Amino acid sequence: MSAPTPAELQRDLDTLWVVIAAGLVLFMQAGFLLLEVGFSRAKNAGAAVAKIFVNLSVASVVWWVAGFAIAFGGGGWLAGGSGFFYNVGTHYSGLAADPATGTATGHSAAFFMFQFAFAAISLAIVWGTTLERIKFIAYPLFGVLFCAVIYPFVAHWEWARDGFLYRMGIQDFAGSSVVHLTGATAALAALLLLGPRSGKYGPRGEPRAIPGHNMPLFGLGVAILWLGWIGFNGGSTLGTGGGRFAEVVVVTNLGAAGGVIGASLLVWLLSRKLDVGMAGNGAIAGLVAITAPSGFVEFWAAPIIGLVAGLIV
């Protein structure tokens, strides 16, 4: 048996990094779980646990059956049309950026898994606005629709070579719009449909704060999301060549730091108090804002982008 060539070693190393990054992104599900449990009232905390497990499982099957094919299975400007029920040995050539998939089965499967983790995160974003005010059956039902139709179409438009947004030159390195804005738009629709949580407003319409029951859990959730974003953005290089993935990780971390500083500073100026929830949300805002440009900007720009996002949130 001959020794592997340098090209084969590089391909295998790229595959390993993409799989590790997919694991980091999947671990973000734990971050969302703890974040939602922390911000829930104690009596409703348990519902978030089952919701995460069921949604992740539904998304896994639906992405395998149809989601990946619609997003990346070739096709025209609107959607992919081949590769349903993704199988061993299947290779897709319609990707806008494809340095890690190659022609080997393992590489194509690595990309499949990485993109599934993105789809699952986008779905998880939806449920933040439904906290404590939706029946459980709605979660898996919408999960099927989201992972089979809504998210795959958007991913194809912007990340597949034939997608019309990609052809227009729109750039989203790791998913500020494809992942986060898609999930957030669905979340806004749910919010407008459901209205506020019970007890949010008093009899004369005055808003009431509904504090979470466990801020340490919330803080741990944010820390896990921060860690997971290393795979989220760094893994979007789809390889390790030239060390670019490490530069993307540095940009990502600086963006998160800017978000915390911006949100914490503004809330202190307004209230002369440090708000733990706002500091954590500042980190998430900075991470979301830096996701799209993380592969395109220099280090100095990252904390500025995060700072602006922190101020806005």
# chains A, B, ... in the order shown; residues from 1 in each chain; ligands from 1

$ residues_around --residues "Asn55 of chain A" --least-positions-apart "4" --cutoff "9 Å" --atoms "only C-alpha atoms" --output "MDAnalysis selection string"
chainID A and resid 50:51 59:60 120 123:124 139:140 143:144

$ atom_distance --atom1 "atom CA of Ala292 of chain A" --atom2 "atom CA of Val179 of chain A"
9.9 Å

$ residues_around --residues "Leu274 of chain A" --least-positions-apart "6" --cutoff "12 Å" --atoms "only C-alpha atoms" --output "PyMOL selection string"
chain A and resi 260-268+280

$ residues_around --residues "Gly67 of chain A" --least-positions-apart "2" --cutoff "6 Å" --atoms "only C-alpha atoms" --output "PDB file with all heavy atoms, in the first residue's frame"
ATOM      1  N   TRP A  63     -33.501  16.894   6.656  1.00  0.00           N
ATOM      2  CA  TRP A  63     -32.346  17.366   5.886  1.00  0.00           C
ATOM      3  C   TRP A  63     -31.790  16.249   5.016  1.00  0.00           C
ATOM      4  O   TRP A  63     -31.398  16.471   3.877  1.00  0.00           O
ATOM      5  CB  TRP A  63     -31.282  17.896   6.841  1.00  0.00           C
ATOM      6  CG  TRP A  63     -30.098  18.516   6.162  1.00  0.00           C
ATOM      7  CD1 TRP A  63     -28.838  17.999   6.088  1.00  0.00           C
ATOM      8  CD2 TRP A  63     -30.053  19.777   5.488  1.00  0.00           C
ATOM      9  NE1 TRP A  63     -28.009  18.858   5.402  1.00  0.00           N
ATOM     10  CE2 TRP A  63     -28.737  19.954   5.029  1.00  0.00           C
ATOM     11  CE3 TRP A  63     -31.002  20.760   5.230  1.00  0.00           C
ATOM     12  CZ2 TRP A  63     -28.335  21.087   4.315  1.00  0.00           C
ATOM     13  CZ3 TRP A  63     -30.619  21.895   4.518  1.00  0.00           C
ATOM     14  CH2 TRP A  63     -29.302  22.048   4.065  1.00  0.00           C
ATOM     15  N   ALA A  69     -30.658  18.197  -0.672  1.00  0.00           N
ATOM     16  CA  ALA A  69     -30.826  18.141  -2.129  1.00  0.00           C
ATOM     17  C   ALA A  69     -31.354  19.454  -2.677  1.00  0.00           C
ATOM     18  O   ALA A  69     -30.886  19.954  -3.707  1.00  0.00           O
ATOM     19  CB  ALA A  69     -31.767  16.998  -2.498  1.00  0.00           C
ATOM     20  N   ILE A  70     -32.327  20.039  -2.004  1.00  0.00           N
ATOM     21  CA  ILE A  70     -32.888  21.303  -2.463  1.00  0.00           C
ATOM     22  C   ILE A  70     -31.864  22.420  -2.344  1.00  0.00           C
ATOM     23  O   ILE A  70     -31.769  23.309  -3.197  1.00  0.00           O
ATOM     24  CB  ILE A  70     -34.167  21.639  -1.668  1.00  0.00           C
ATOM     25  CG1 ILE A  70     -35.272  20.634  -2.010  1.00  0.00           C
ATOM     26  CG2 ILE A  70     -34.633  23.064  -1.951  1.00  0.00           C
ATOM     27  CD1 ILE A  70     -36.508  20.761  -1.153  1.00  0.00           C
ATOM     28  N   CYS A 147     -37.028  22.841   7.503  1.00  0.00           N
ATOM     29  CA  CYS A 147     -35.817  22.155   7.047  1.00  0.00           C
ATOM     30  C   CYS A 147     -35.972  21.519   5.669  1.00  0.00           C
ATOM     31  O   CYS A 147     -34.966  21.178   5.036  1.00  0.00           O
ATOM     32  CB  CYS A 147     -35.402  21.090   8.060  1.00  0.00           C
ATOM     33  SG  CYS A 147     -34.803  21.783   9.609  1.00  0.00           S
ATOM     34  N   ALA A 148     -37.203  21.361   5.198  1.00  0.00           N
ATOM     35  CA  ALA A 148     -37.417  20.791   3.869  1.00  0.00           C
ATOM     36  C   ALA A 148     -37.610  21.854   2.805  1.00  0.00           C
ATOM     37  O   ALA A 148     -37.304  21.614   1.629  1.00  0.00           O
ATOM     38  CB  ALA A 148     -38.634  19.866   3.880  1.00  0.00           C
ATOM     39  N   PRO A 152     -33.667  25.420   3.031  1.00  0.00           N
ATOM     40  CA  PRO A 152     -32.941  24.967   1.844  1.00  0.00           C
ATOM     41  C   PRO A 152     -33.041  25.927   0.664  1.00  0.00           C
ATOM     42  O   PRO A 152     -32.069  26.117  -0.073  1.00  0.00           O
ATOM     43  CB  PRO A 152     -33.592  23.622   1.526  1.00  0.00           C
ATOM     44  CG  PRO A 152     -34.105  23.133   2.832  1.00  0.00           C
ATOM     45  CD  PRO A 152     -34.575  24.360   3.544  1.00  0.00           C
TER      46      PRO A 152
END

$ atom_distance --atom1 "atom CA of Gly286 of chain A" --atom2 "atom CA of Phe146 of chain A"
25.3 Å

$ select_by_dssp --residues "segment 161-195 of chain A" --states "helix (DSSP H, G or I)" --output "number ranges by chain"
A: 164-167, 176-194

$ closest_residue --among "A:Val297, A:Ala22, A:Val288, A:Ala302" --to "Val178 of chain A" --atoms "only C-alpha atoms"
A:Val288
